[in-house]
>>> print(open('model.cif').read())   # mmCIF, C-alpha atoms
data_my_file
#
loop_
_atom_site.label_atom_id
_atom_site.label_comp_id
_atom_site.auth_asym_id
_atom_site.auth_seq_id
_atom_site.Cartn_x
_atom_site.Cartn_y
_atom_site.Cartn_z
CA MET B 4 43.51 -2.71 -30.05
CA GLY B 5 40.22 -2.01 -28.26
CA SER B 6 38.52 -4.90 -30.07
CA ILE B 7 41.36 -7.26 -29.18
CA ARG B 8 41.10 -6.30 -25.52
CA ILE B 9 37.35 -6.96 -25.58
CA LEU B 10 37.86 -10.35 -27.22
CA LEU B 11 40.57 -11.27 -24.75
CA GLY B 12 38.30 -10.21 -21.88
CA VAL B 13 35.42 -12.30 -23.22
CA PHE B 14 37.74 -15.29 -23.70
CA ALA B 15 39.14 -14.96 -20.17
CA SER B 16 35.63 -14.80 -18.74
CA TRP B 17 34.66 -17.90 -20.71
CA VAL B 18 37.73 -19.79 -19.47
CA LEU B 19 36.96 -18.83 -15.84
CA ALA B 20 33.34 -19.88 -16.28
CA GLN B 21 34.36 -23.25 -17.73
CA THR B 22 36.86 -23.81 -14.92
CA SER B 23 34.21 -23.00 -12.34
CA LEU B 24 31.71 -25.24 -14.10
CA ALA B 25 34.21 -28.09 -14.17
CA GLN B 26 34.63 -27.82 -10.40
CA THR B 27 30.88 -27.95 -9.74
CA GLN B 28 29.25 -31.29 -9.04
CA ILE B 29 26.06 -32.67 -7.54
CA LEU B 30 25.92 -35.45 -4.97
CA ARG B 31 22.50 -37.06 -4.80
CA ALA B 32 20.94 -39.63 -2.45
CA ALA B 33 17.55 -40.67 -1.15
CA GLN B 34 18.03 -38.92 2.17
CA MET B 35 20.43 -37.19 4.54
CA VAL B 36 20.73 -36.62 8.28
CA ASP B 37 20.35 -33.13 9.70
CA VAL B 38 22.67 -33.89 12.60
CA ARG B 39 21.97 -30.67 14.50
CA ASN B 40 18.25 -31.40 14.75
CA GLY B 41 18.44 -35.19 14.60
CA GLU B 42 16.14 -35.43 11.59
CA ILE B 43 16.04 -37.16 8.22
CA ILE B 44 15.78 -34.85 5.20
CA ARG B 45 14.42 -36.19 1.88
CA PRO B 46 15.71 -36.03 -0.79
CA ALA B 47 19.39 -35.03 -0.63
CA ASN B 48 20.78 -32.97 -3.49
CA ILE B 49 24.12 -31.44 -2.52
CA VAL B 50 25.77 -28.94 -4.86
CA ILE B 51 29.54 -28.83 -4.43
CA ASP B 52 31.94 -26.21 -5.80
CA GLY B 53 35.56 -27.23 -5.40
CA ASP B 54 36.00 -28.50 -1.84
CA LYS B 55 32.97 -26.73 -0.33
CA ILE B 56 29.21 -27.23 -0.29
CA SER B 57 27.53 -24.39 -2.19
CA ALA B 58 23.86 -25.43 -1.86
CA VAL B 59 21.67 -28.08 -0.23
CA ASN B 60 18.42 -29.03 -1.95
CA PRO B 61 18.19 -25.78 -3.97
CA ALA B 62 15.02 -25.02 -5.93
CA THR B 63 17.02 -25.17 -9.16
CA LEU B 64 19.99 -27.44 -9.72
CA PRO B 65 22.86 -26.39 -12.00
CA GLU B 66 22.89 -28.00 -15.43
CA ASN B 67 25.72 -29.63 -17.39
CA VAL B 68 27.65 -30.64 -14.29
CA SER B 69 28.81 -34.00 -12.98
CA VAL B 70 26.17 -35.88 -10.97
CA THR B 71 26.92 -38.72 -8.57
CA ASP B 72 23.66 -40.48 -7.71
CA LEU B 73 24.14 -42.84 -4.77
CA GLY B 74 20.53 -43.99 -4.76
CA ASP B 75 18.88 -45.40 -1.63
CA VAL B 76 21.48 -44.45 0.99
CA THR B 77 21.69 -41.94 3.83
CA LEU B 78 24.18 -39.09 3.66
CA LEU B 79 25.87 -37.63 6.75
CA PRO B 80 28.66 -35.14 7.31
CA GLY B 81 32.05 -36.78 7.68
CA VAL B 82 32.48 -37.74 11.32
CA MET B 83 35.27 -36.62 13.64
CA ASP B 84 37.28 -38.57 16.21
CA MET B 85 38.62 -36.39 19.02
CA HIS B 86 40.89 -39.06 20.53
CA SER B 87 42.89 -41.22 18.15
CA HIS B 88 46.48 -42.38 17.81
CA VAL B 89 46.86 -42.62 14.06
CA THR B 90 50.60 -43.42 14.05
CA LEU B 91 50.42 -45.99 16.86
CA ASP B 92 49.26 -49.58 17.06
CA PHE B 93 48.79 -50.95 20.57
CA PHE B 94 46.77 -53.96 19.45
CA THR B 95 49.83 -55.88 18.23
CA GLY B 96 52.55 -57.30 20.46
CA ASN B 97 55.67 -55.32 19.56
CA HIS B 98 54.01 -51.95 20.03
CA TRP B 99 53.49 -52.76 23.70
CA THR B 100 57.20 -53.13 24.36
CA THR B 101 59.77 -52.68 21.61
CA ALA B 102 58.41 -50.12 19.13
CA PRO B 103 59.87 -47.08 20.95
CA VAL B 104 63.43 -48.39 20.50
CA PHE B 105 63.17 -50.69 17.47
CA GLU B 106 61.43 -48.21 15.16
CA THR B 107 61.91 -44.60 14.06
CA PRO B 108 59.68 -41.58 13.37
CA ALA B 109 59.76 -42.58 9.70
CA ASP B 110 58.32 -46.00 10.60
CA TRP B 111 55.59 -44.41 12.69
CA ALA B 112 54.66 -41.91 9.97
CA LEU B 113 54.40 -44.79 7.49
CA HIS B 114 52.19 -46.71 9.92
CA GLY B 115 50.09 -43.55 10.06
CA ALA B 116 49.71 -43.48 6.28
CA GLN B 117 48.03 -46.89 6.50
CA PHE B 118 46.02 -46.19 9.64
CA GLY B 119 44.97 -42.74 8.45
CA ARG B 120 43.51 -44.26 5.32
CA ASP B 121 41.75 -46.88 7.45
CA MET B 122 40.11 -44.13 9.51
CA LEU B 123 39.18 -42.08 6.45
CA GLU B 124 37.53 -45.08 4.81
CA ALA B 125 35.65 -45.70 8.06
CA GLY B 126 34.09 -42.25 7.63
CA PHE B 127 36.38 -40.12 9.82
CA THR B 128 37.25 -37.08 7.75
CA THR B 129 38.76 -35.16 10.71
CA ILE B 130 40.71 -36.49 13.68
CA ARG B 131 42.38 -34.99 16.72
CA ASP B 132 45.46 -37.09 17.38
CA ALA B 133 46.13 -37.75 21.04
CA GLY B 134 49.87 -38.37 21.01
CA ALA B 135 52.68 -40.10 19.14
CA TRP B 136 56.15 -41.46 19.83
CA PRO B 137 58.82 -38.70 19.73
CA GLY B 138 59.88 -37.17 16.43
CA PHE B 139 56.58 -35.63 15.27
CA PRO B 140 55.46 -38.44 12.92
CA ASP B 141 51.87 -37.21 13.32
CA VAL B 142 52.80 -33.69 12.20
CA ALA B 143 54.66 -35.12 9.19
CA LEU B 144 51.59 -37.19 8.34
CA MET B 145 49.32 -34.14 8.61
CA ARG B 146 51.54 -32.23 6.18
CA ALA B 147 51.60 -35.11 3.71
CA ILE B 148 47.81 -35.40 3.85
CA ASP B 149 47.34 -31.64 3.47
CA ALA B 150 49.68 -31.65 0.45
CA GLY B 151 47.59 -34.37 -1.19
CA GLY B 152 50.37 -36.94 -1.25
CA VAL B 153 48.75 -39.33 1.23
CA PRO B 154 45.03 -40.09 1.69
CA GLY B 155 43.83 -39.47 5.22
CA PRO B 156 41.64 -37.35 7.50
CA ARG B 157 42.16 -33.68 8.28
CA MET B 158 44.41 -33.78 11.35
CA PHE B 159 44.91 -31.90 14.60
CA PRO B 160 48.14 -33.54 15.81
CA SER B 161 49.38 -33.18 19.39
CA GLY B 162 52.95 -34.33 18.77
CA HIS B 163 54.62 -35.44 22.00
CA TYR B 164 52.66 -36.13 25.14
CA ILE B 165 53.44 -33.68 27.96
CA SER B 166 54.27 -35.86 30.99
CA ILE B 167 56.29 -35.97 34.18
CA THR B 168 59.41 -38.14 34.22
CA GLY B 169 58.30 -41.72 34.74
CA GLY B 170 54.67 -40.74 34.32
CA HIS B 171 51.93 -42.35 32.28
CA CYS B 172 53.07 -40.78 28.99
CA ASP B 173 56.79 -41.26 29.50
CA VAL B 174 58.41 -44.38 28.00
CA THR B 175 59.16 -46.58 31.02
CA GLY B 176 60.40 -50.09 31.64
CA PHE B 177 63.72 -49.95 29.79
CA ALA B 178 67.11 -49.97 31.49
CA PRO B 179 68.55 -46.61 32.61
CA GLY B 180 70.03 -44.73 29.66
CA ILE B 181 67.62 -46.21 27.10
CA MET B 182 64.91 -43.94 25.72
CA GLU B 183 65.57 -41.24 28.31
CA LEU B 184 63.43 -38.27 27.25
CA GLY B 185 63.39 -34.57 28.14
CA PRO B 186 61.42 -31.41 27.38
CA ASN B 187 62.05 -31.58 23.64
CA GLN B 188 60.29 -34.97 23.69
CA GLY B 189 57.54 -33.72 26.02
CA ILE B 190 58.88 -35.04 29.34
CA ALA B 191 58.92 -31.93 31.51
CA ASN B 192 59.09 -31.29 35.27
CA GLY B 193 58.46 -27.87 36.80
CA VAL B 194 57.31 -24.69 35.11
CA ASP B 195 60.58 -23.89 33.31
CA GLU B 196 60.74 -27.27 31.58
CA ILE B 197 57.03 -27.11 30.80
CA LEU B 198 57.45 -23.77 29.03
CA ARG B 199 60.30 -25.21 26.99
CA ALA B 200 58.28 -28.31 26.08
CA ILE B 201 55.19 -26.36 24.98
CA ARG B 202 57.23 -23.87 22.94
CA TYR B 203 59.09 -26.68 21.22
CA GLN B 204 55.79 -28.34 20.34
CA ALA B 205 54.39 -25.09 18.93
CA LYS B 206 57.59 -24.51 16.93
CA HIS B 207 57.19 -27.85 15.17
CA GLY B 208 53.58 -27.50 14.11
CA VAL B 209 51.27 -29.22 16.58
CA LYS B 210 47.62 -28.15 16.57
CA VAL B 211 46.73 -29.21 20.13
CA ILE B 212 48.61 -30.00 23.36
CA LYS B 213 48.08 -33.35 25.10
CA VAL B 214 48.94 -33.50 28.80
CA CYS B 215 48.90 -36.60 30.98
CA ALA B 216 47.41 -35.14 34.16
CA THR B 217 47.11 -38.49 35.94
CA ALA B 218 48.55 -41.98 35.81
CA GLY B 219 46.94 -44.48 33.46
CA VAL B 220 46.12 -48.05 32.54
CA PHE B 221 48.65 -48.82 29.80
CA SER B 222 51.72 -47.92 31.85
CA LYS B 223 53.49 -49.20 34.95
CA GLY B 224 52.31 -48.21 38.42
CA ASP B 225 49.55 -49.32 40.76
CA ASN B 226 47.20 -46.33 40.94
CA PRO B 227 45.76 -45.33 37.53
CA GLY B 228 44.03 -42.27 38.95
CA ALA B 229 46.97 -40.63 40.75
CA GLN B 230 47.46 -36.95 39.90
CA GLN B 231 50.88 -36.52 38.25
CA TYR B 232 51.20 -32.78 37.59
CA SER B 233 50.70 -30.23 40.35
CA ASP B 234 47.98 -27.61 40.05
CA ALA B 235 50.61 -24.95 39.35
CA GLU B 236 52.19 -27.03 36.59
CA LEU B 237 48.80 -27.67 34.96
CA ASN B 238 48.06 -23.95 35.05
CA ALA B 239 51.40 -23.26 33.36
CA ILE B 240 50.66 -25.80 30.61
CA VAL B 241 47.30 -24.24 29.75
CA GLU B 242 48.54 -20.66 29.99
CA GLU B 243 51.54 -21.27 27.74
CA ALA B 244 49.52 -23.30 25.22
CA SER B 245 46.97 -20.48 25.08
CA ARG B 246 49.70 -17.98 24.18
CA HIS B 247 50.35 -20.08 21.09
CA GLY B 248 46.66 -20.42 20.22
CA LEU B 249 46.60 -24.07 21.24
CA LYS B 250 43.93 -25.87 23.25
CA VAL B 251 44.86 -28.55 25.80
CA MET B 252 43.43 -32.06 26.03
CA ALA B 253 44.05 -33.81 29.34
CA HIS B 254 44.34 -37.55 29.89
CA ALA B 255 42.83 -37.93 33.35
CA HIS B 256 41.36 -40.90 35.24
CA GLY B 257 41.30 -39.95 38.94
CA SER B 258 38.95 -37.37 40.45
CA GLU B 259 41.62 -35.08 41.92
CA GLY B 260 43.58 -34.92 38.68
CA ILE B 261 40.43 -34.37 36.63
CA MET B 262 39.34 -31.47 38.84
CA ALA B 263 42.82 -29.91 38.77
CA ALA B 264 42.92 -30.10 34.96
CA VAL B 265 39.42 -28.64 34.65
CA LYS B 266 40.26 -25.73 36.94
CA ALA B 267 43.46 -25.12 34.97
CA GLY B 268 41.30 -24.54 31.89
CA VAL B 269 41.83 -27.56 29.66
CA ALA B 270 39.46 -27.88 26.70
CA SER B 271 38.67 -31.54 27.29
CA ILE B 272 39.05 -34.39 29.74
CA GLU B 273 40.06 -37.64 28.04
CA HIS B 274 38.63 -40.84 29.56
CA GLY B 275 37.42 -39.10 32.75
CA SER B 276 37.03 -42.41 34.53
CA MET B 277 36.19 -41.03 37.98
CA LEU B 278 33.84 -38.09 37.45
CA THR B 279 31.85 -36.72 40.40
CA PRO B 280 28.84 -34.37 40.53
CA GLU B 281 31.17 -31.62 41.74
CA ILE B 282 33.55 -32.12 38.81
CA ILE B 283 30.68 -32.12 36.35
CA ARG B 284 29.34 -28.85 37.75
CA GLU B 285 32.79 -27.31 37.29
CA MET B 286 33.07 -28.69 33.74
CA LYS B 287 29.65 -27.31 32.80
CA LYS B 288 30.54 -23.92 34.24
CA ARG B 289 33.72 -23.78 32.16
CA GLY B 290 32.43 -25.48 29.01
CA THR B 291 34.90 -28.35 29.37
CA PHE B 292 34.26 -31.36 27.13
CA TYR B 293 34.27 -34.99 28.23
CA VAL B 294 35.75 -37.50 25.75
CA PRO B 295 34.79 -40.85 27.29
CA THR B 296 36.38 -43.47 24.93
CA ILE B 297 33.74 -45.78 26.38
CA PHE B 298 34.11 -48.68 23.91
CA LEU B 299 37.42 -49.52 25.60
CA ASN B 300 35.33 -50.82 28.51
CA ASP B 301 33.84 -53.44 26.17
CA MET B 302 37.04 -54.46 24.44
CA PRO B 303 38.90 -57.58 25.57
CA LEU B 304 42.57 -56.90 26.18
CA PRO B 305 45.12 -58.75 24.01
CA PRO B 306 46.46 -62.02 25.49
CA ASP B 307 49.94 -60.56 25.99
CA THR B 308 48.72 -57.51 27.94
CA PRO B 309 50.95 -56.88 30.97
CA GLU B 310 49.45 -57.95 34.30
CA TRP B 311 49.56 -54.44 35.78
CA THR B 312 47.41 -53.16 32.90
CA VAL B 313 44.85 -55.95 33.32
CA ARG B 314 44.59 -55.24 37.06
CA LYS B 315 44.10 -51.50 36.64
CA ASN B 316 41.67 -51.96 33.76
CA GLU B 317 39.45 -54.16 35.91
CA PHE B 318 39.64 -51.68 38.79
CA LEU B 319 38.45 -48.79 36.61
CA LYS B 320 35.62 -50.53 34.74
CA GLY B 321 32.87 -49.77 37.26
CA HIS B 322 34.04 -46.18 37.69
CA VAL B 323 34.00 -45.69 33.91
CA GLU B 324 30.39 -46.87 33.66
CA ASN B 325 29.29 -44.63 36.52
CA SER B 326 31.05 -41.59 35.03
CA PHE B 327 29.37 -41.99 31.65
CA LYS B 328 25.95 -42.47 33.25
CA LEU B 329 26.45 -39.37 35.39
CA ALA B 330 27.68 -37.25 32.45
CA LEU B 331 24.68 -38.25 30.36
CA LYS B 332 22.25 -37.51 33.17
CA GLU B 333 23.74 -34.04 33.73
CA ASP B 334 23.87 -33.19 29.98
CA LEU B 335 27.63 -32.63 30.02
CA ASN B 336 29.38 -31.63 26.78
CA ILE B 337 30.48 -34.93 25.24
CA ALA B 338 32.70 -35.34 22.18
CA PHE B 339 33.41 -38.56 20.32
CA GLY B 340 36.74 -40.30 20.96
CA SER B 341 37.56 -43.89 20.09
CA ASP B 342 41.20 -44.16 21.26
CA ALA B 343 41.90 -45.76 17.87
CA GLY B 344 45.33 -47.27 18.08
CA VAL B 345 44.35 -49.08 21.25
CA LEU B 346 41.66 -50.68 19.07
CA LYS B 347 41.94 -51.15 15.32
CA HIS B 348 41.69 -47.84 13.49
CA SER B 349 39.17 -49.30 11.04
CA GLU B 350 36.88 -50.11 13.98
CA ALA B 351 36.74 -46.63 15.51
CA GLY B 352 33.04 -46.42 14.63
CA LYS B 353 32.22 -48.97 17.33
CA GLU B 354 32.27 -46.09 19.81
CA PHE B 355 28.86 -44.97 18.49
CA GLU B 356 27.06 -48.17 19.48
CA ALA B 357 28.89 -48.31 22.80
CA MET B 358 27.52 -44.88 23.74
CA VAL B 359 23.98 -45.65 22.53
CA ARG B 360 23.89 -48.96 24.42
CA ARG B 361 24.60 -46.97 27.59
CA GLY B 362 21.66 -44.62 27.14
CA MET B 363 22.65 -41.98 24.59
CA SER B 364 20.23 -41.50 21.70
CA PRO B 365 21.53 -42.17 18.16
CA ALA B 366 21.06 -38.48 17.35
CA GLN B 367 23.16 -37.47 20.37
CA ALA B 368 25.84 -39.97 19.43
CA LEU B 369 26.07 -38.51 15.92
CA GLN B 370 26.27 -35.01 17.36
CA THR B 371 29.27 -35.97 19.51
CA ALA B 372 31.19 -36.70 16.30
CA THR B 373 29.89 -33.76 14.25
CA THR B 374 28.54 -30.52 15.75
CA ASP B 375 29.93 -31.14 19.23
CA ALA B 376 33.34 -32.17 17.91
CA ALA B 377 33.43 -29.00 15.78
CA ASP B 378 32.69 -26.95 18.91
CA LEU B 379 35.53 -28.65 20.78
CA LEU B 380 37.95 -27.98 17.92
CA GLY B 381 36.72 -24.40 17.60
CA VAL B 382 35.96 -24.72 13.87
CA SER B 383 32.88 -23.79 11.87
CA ASP B 384 33.80 -25.25 8.46
CA ARG B 385 32.76 -28.87 9.10
CA GLY B 386 30.33 -30.99 11.08
CA GLU B 387 27.13 -30.47 9.06
CA ILE B 388 25.90 -30.77 5.50
CA LYS B 389 25.25 -27.12 4.83
CA THR B 390 26.33 -24.26 2.61
CA GLY B 391 29.88 -23.05 3.12
CA GLN B 392 31.18 -26.16 4.86
CA PHE B 393 33.75 -28.61 3.54
CA ALA B 394 32.30 -31.21 1.21
CA ASP B 395 33.23 -33.94 3.70
CA ILE B 396 30.29 -36.31 3.24
CA ILE B 397 29.78 -40.00 3.99
CA ALA B 398 26.98 -42.48 3.34
CA VAL B 399 25.53 -45.56 4.99
CA LYS B 400 22.91 -47.88 3.55
CA GLY B 401 20.39 -47.69 6.39
CA ASN B 402 19.16 -45.02 8.77
CA PRO B 403 21.61 -44.46 11.65
CA LEU B 404 18.92 -42.70 13.67
CA ASN B 405 17.18 -46.07 13.84
CA ASP B 406 20.25 -48.31 13.91
CA ILE B 407 23.46 -46.64 15.05
CA THR B 408 25.53 -49.68 14.04
CA GLU B 409 25.15 -48.40 10.46
CA MET B 410 28.07 -46.14 11.40
CA GLU B 411 30.28 -49.24 11.44
CA ARG B 412 29.43 -49.91 7.78
CA VAL B 413 30.24 -46.72 5.89
CA VAL B 414 29.90 -47.37 2.14
CA PHE B 415 30.87 -43.98 0.69
CA VAL B 416 33.35 -41.30 1.70
CA MET B 417 33.95 -37.91 0.10
CA LYS B 418 36.55 -35.52 1.47
CA GLY B 419 36.78 -32.00 0.14
CA GLY B 420 34.67 -32.87 -2.90
CA GLU B 421 36.82 -35.87 -3.86
CA ILE B 422 35.45 -39.41 -3.64
CA VAL B 423 37.86 -41.58 -1.66
CA LYS B 424 35.63 -44.62 -1.16
CA SER B 425 32.52 -45.91 -2.92
CA LYS B 426 31.15 -49.39 -2.29
CA ILE B 427 27.54 -48.93 -3.32
CA SER B 428 25.61 -51.35 -5.51
CA ASN B 429 22.12 -50.13 -6.35
#
>>> encode(input="model.cif", output="structure tokens")
Amino acid sequence: MGSIRILLGVFASWVLAQTSLAQTQILRAAQMVDVRNGEIIRPANIVIDGDKISAVNPATLPENVSVTDLGDVTLLPGVMDMHSHVTLDFFTGNHWTTAPVFETPADWALHGAQFGRDMLEAGFTTIRDAGAWPGFPDVALMRAIDAGGVPGPRMFPSGHYISITGGHCDVTGFAPGIMELGPNQGIANGVDEILRAIRYQAKHGVKVIKVCATAGVFSKGDNPGAQQYSDAELNAIVEEASRHGLKVMAHAHGSEGIMAAVKAGVASIEHGSMLTPEIIREMKKRGTFYVPTIFLNDMPLPPDTPEWTVRKNEFLKGHVENSFKLALKEDLNIAFGSDAGVLKHSEAGKEFEAMVRRGMSPAQALQTATTDAADLLGVSDRGEIKTGQFADIIAVKGNPLNDITEMERVVFVMKGGEIVKSKISN
């Protein structure tokens, strides 16, 4: 019996070794970007075990394992978009007006399956979703992606926007009685309703809370910067979210609303169109991130855009430029956000060039979507090509430190050690 046990033990060890060996692979390329230091590293030999990186340019590479040699390309960590709408599509006509009442959460989740793949193939291996129509289609999409049934980025969904009745993130414009929403759909007034709304969100699996602290551009109303939640209500939102381990992202255009959200303790200000030196000092003191979505200032609005949106968009353009310039000058924490959904999801990478054209270095732009985005999310398992991190790796043909528009032409995507896109001809 003793001999049989020994043989069984040896066999089990051999099986485990073979299984481990089968999960090990090498990804090879001419070079890679050290995003933290803004440097090119040559060559790039990445050893991957399962879904994690186990070594980077080790002295000795494992033998008898799968090798994927991409040749003369540049590797980068998968990039992260901190402001996307992966289940929404505002660049086609019916999503401006009829989608909330003509479609269902199932429709929106299915849209997300397409748009999520578009973003993944554009190099975005993690996204923070900034709001969906009611019914948690973004949470359903996250679960499908995590289960491996649908290709897409790792997701931090926010579920329903938290908004005042008739506010920027409410559904307005329909006749009374149509699409009337309450706390379970994120429309909450006063502290009691806010608590109910946040708790309902947490119950159904969101990973972040999105609050509309001010009015906006893509909604009715004349003043896009008007503060919509009181200081006390904003404090209640952040405090209750914190009890559930959730950070808060705040849509905010006007200075008063931005400052109120910052003082309430939100993790990030989205858009931040009217920053001031005083606001920036407060944000730096608290570690608040700025997610500028600056490419929207370059993007022509669709021909059927409502007149009130066109008017407010034109009003804000100069403020947006000034805010970005001021944030860059004061070295404010900046995280990448494209607002994909307002632009095509496949074109989210255009945000990189938009930031660089306004004075950010290519290295800084890459950091906003890697190390800085990881800091905003509060995660340490992604954002760099280094041991212990997810094997979320992308490739471009050129050097993005010299030409940031390379980030609009991603030719290879690996997520968790699995190749999901490869369009490389050597």
>>> atom_distance(input="model.cif", atom1="atom CA of Ile283 of chain B", atom2="atom CA of Ala216 of chain B")
17.1 Å
>>> resolve_selection(input="model.cif", expression="the PyMOL selection byres ((chain B and resi 372-376) around 6)", output="PDB file with C-alpha atoms, keeping the file's coordinate frame")
ATOM      1  CA  VAL B  82      32.480 -37.740  11.320  1.00  0.00           C
ATOM      2  CA  MET B  83      35.270 -36.620  13.640  1.00  0.00           C
ATOM      3  CA  ALA B 338      32.700 -35.340  22.180  1.00  0.00           C
ATOM      4  CA  PHE B 339      33.410 -38.560  20.320  1.00  0.00           C
ATOM      5  CA  LEU B 369      26.070 -38.510  15.920  1.00  0.00           C
ATOM      6  CA  GLN B 370      26.270 -35.010  17.360  1.00  0.00           C
ATOM      7  CA  THR B 371      29.270 -35.970  19.510  1.00  0.00           C
ATOM      8  CA  ALA B 377      33.430 -29.000  15.780  1.00  0.00           C
ATOM      9  CA  ASP B 378      32.690 -26.950  18.910  1.00  0.00           C
ATOM     10  CA  LEU B 379      35.530 -28.650  20.780  1.00  0.00           C
ATOM     11  CA  GLY B 386      30.330 -30.990  11.080  1.00  0.00           C
TER      12      GLY B 386
END
>>> atom_distance(input="model.cif", atom1="atom CA of Ile29 of chain B", atom2="atom CA of Ile422 of chain B")
12.2 Å
>>> residues_around(input="model.cif", residues="segment 254-256 of chain B", least_positions_apart="4", cutoff="12 Å", atoms="only C-alpha atoms", output="ChimeraX atom specification")
/B:86,133-134,164-166,170-172,212-220,226-232,237,260-265,269-279,293-296,315-316,318-320,322-323,326,342
>>> atom_distance(input="model.cif", atom1="atom CA of Glu411 of chain B", atom2="atom CA of Leu78 of chain B")
14.2 Å
>>> closest_residue(input="model.cif", among="B:Pro186, B:Pro303, B:Pro365, B:Gly176", to="Glu317 of chain B", atoms="only C-alpha atoms")
B:Pro303
>>> axis_aligned_box(input="model.cif", around="segment 405-424 of chain B", padding_each_side="6 Å", output="AutoDock Vina command-line options")
--center_x 27.5 --center_y -41.0 --center_z 5.6 --size_x 32.7 --size_y 29.9 --size_z 30.9
>>> closest_atom_pairs(input="model.cif", of="segment 315-398 of chain B", to="segment 139-160 of chain B", cutoff="12 Å", atoms="only C-alpha atoms", output="CSV")
residue,atom,partner,partner_atom,distance
B:His348,CA,B:Gly155,CA,12.0
B:Ala377,CA,B:Phe159,CA,11.9
B:Leu379,CA,B:Phe159,CA,11.7
B:Leu380,CA,B:Phe159,CA,8.7
B:Gly381,CA,B:Phe159,CA,11.5
B:Val382,CA,B:Phe159,CA,11.5
B:Asp384,CA,B:Arg157,CA,11.9
B:Arg385,CA,B:Arg157,CA,10.6
B:Phe393,CA,B:Arg157,CA,10.9
B:Asp395,CA,B:Pro156,CA,9.8
>>> decode(input="model.cif", residues="segment 137-150 of chain B", atoms="N, CA and C atoms", output="PDB file, in the first residue's frame")
ATOM      1  N   PRO B 137     -32.426  52.774 -16.461  1.00  0.00           N
ATOM      2  CA  PRO B 137     -32.810  51.937 -15.309  1.00  0.00           C
ATOM      3  C   PRO B 137     -32.950  50.456 -15.653  1.00  0.00           C
ATOM      4  N   GLY B 138     -32.667  49.617 -14.648  1.00  0.00           N
ATOM      5  CA  GLY B 138     -32.792  48.173 -14.820  1.00  0.00           C
ATOM      6  C   GLY B 138     -31.485  47.425 -14.700  1.00  0.00           C
ATOM      7  N   PHE B 139     -30.393  48.133 -14.415  1.00  0.00           N
ATOM      8  CA  PHE B 139     -29.072  47.556 -14.192  1.00  0.00           C
ATOM      9  C   PHE B 139     -28.549  46.737 -15.382  1.00  0.00           C
ATOM     10  N   PRO B 140     -28.686  47.223 -16.622  1.00  0.00           N
ATOM     11  CA  PRO B 140     -28.091  46.490 -17.744  1.00  0.00           C
ATOM     12  C   PRO B 140     -26.573  46.439 -17.670  1.00  0.00           C
ATOM     13  N   ASP B 141     -25.955  47.463 -17.064  1.00  0.00           N
ATOM     14  CA  ASP B 141     -24.496  47.475 -16.940  1.00  0.00           C
ATOM     15  C   ASP B 141     -24.020  46.431 -15.936  1.00  0.00           C
ATOM     16  N   VAL B 142     -24.767  46.233 -14.864  1.00  0.00           N
ATOM     17  CA  VAL B 142     -24.405  45.196 -13.887  1.00  0.00           C
ATOM     18  C   VAL B 142     -24.559  43.810 -14.515  1.00  0.00           C
ATOM     19  N   ALA B 143     -25.641  43.613 -15.278  1.00  0.00           N
ATOM     20  CA  ALA B 143     -25.841  42.334 -15.966  1.00  0.00           C
ATOM     21  C   ALA B 143     -24.703  42.069 -16.944  1.00  0.00           C
ATOM     22  N   LEU B 144     -24.266  43.113 -17.646  1.00  0.00           N
ATOM     23  CA  LEU B 144     -23.163  42.966 -18.593  1.00  0.00           C
ATOM     24  C   LEU B 144     -21.878  42.604 -17.859  1.00  0.00           C
ATOM     25  N   MET B 145     -21.606  43.280 -16.746  1.00  0.00           N
ATOM     26  CA  MET B 145     -20.413  42.952 -15.948  1.00  0.00           C
ATOM     27  C   MET B 145     -20.404  41.480 -15.560  1.00  0.00           C
ATOM     28  N   ARG B 146     -21.541  40.981 -15.101  1.00  0.00           N
ATOM     29  CA  ARG B 146     -21.608  39.581 -14.665  1.00  0.00           C
ATOM     30  C   ARG B 146     -21.383  38.632 -15.836  1.00  0.00           C
ATOM     31  N   ALA B 147     -21.946  38.961 -16.994  1.00  0.00           N
ATOM     32  CA  ALA B 147     -21.749  38.109 -18.165  1.00  0.00           C
ATOM     33  C   ALA B 147     -20.286  38.096 -18.599  1.00  0.00           C
ATOM     34  N   ILE B 148     -19.645  39.265 -18.539  1.00  0.00           N
ATOM     35  CA  ILE B 148     -18.219  39.334 -18.892  1.00  0.00           C
ATOM     36  C   ILE B 148     -17.391  38.552 -17.885  1.00  0.00           C
ATOM     37  N   ASP B 149     -17.664  38.753 -16.595  1.00  0.00           N
ATOM     38  CA  ASP B 149     -16.896  38.044 -15.562  1.00  0.00           C
ATOM     39  C   ASP B 149     -17.058  36.530 -15.667  1.00  0.00           C
ATOM     40  N   ALA B 150     -18.238  36.080 -16.110  1.00  0.00           N
ATOM     41  CA  ALA B 150     -18.493  34.641 -16.246  1.00  0.00           C
ATOM     42  C   ALA B 150     -17.877  34.069 -17.515  1.00  0.00           C
TER      43      ALA B 150
END
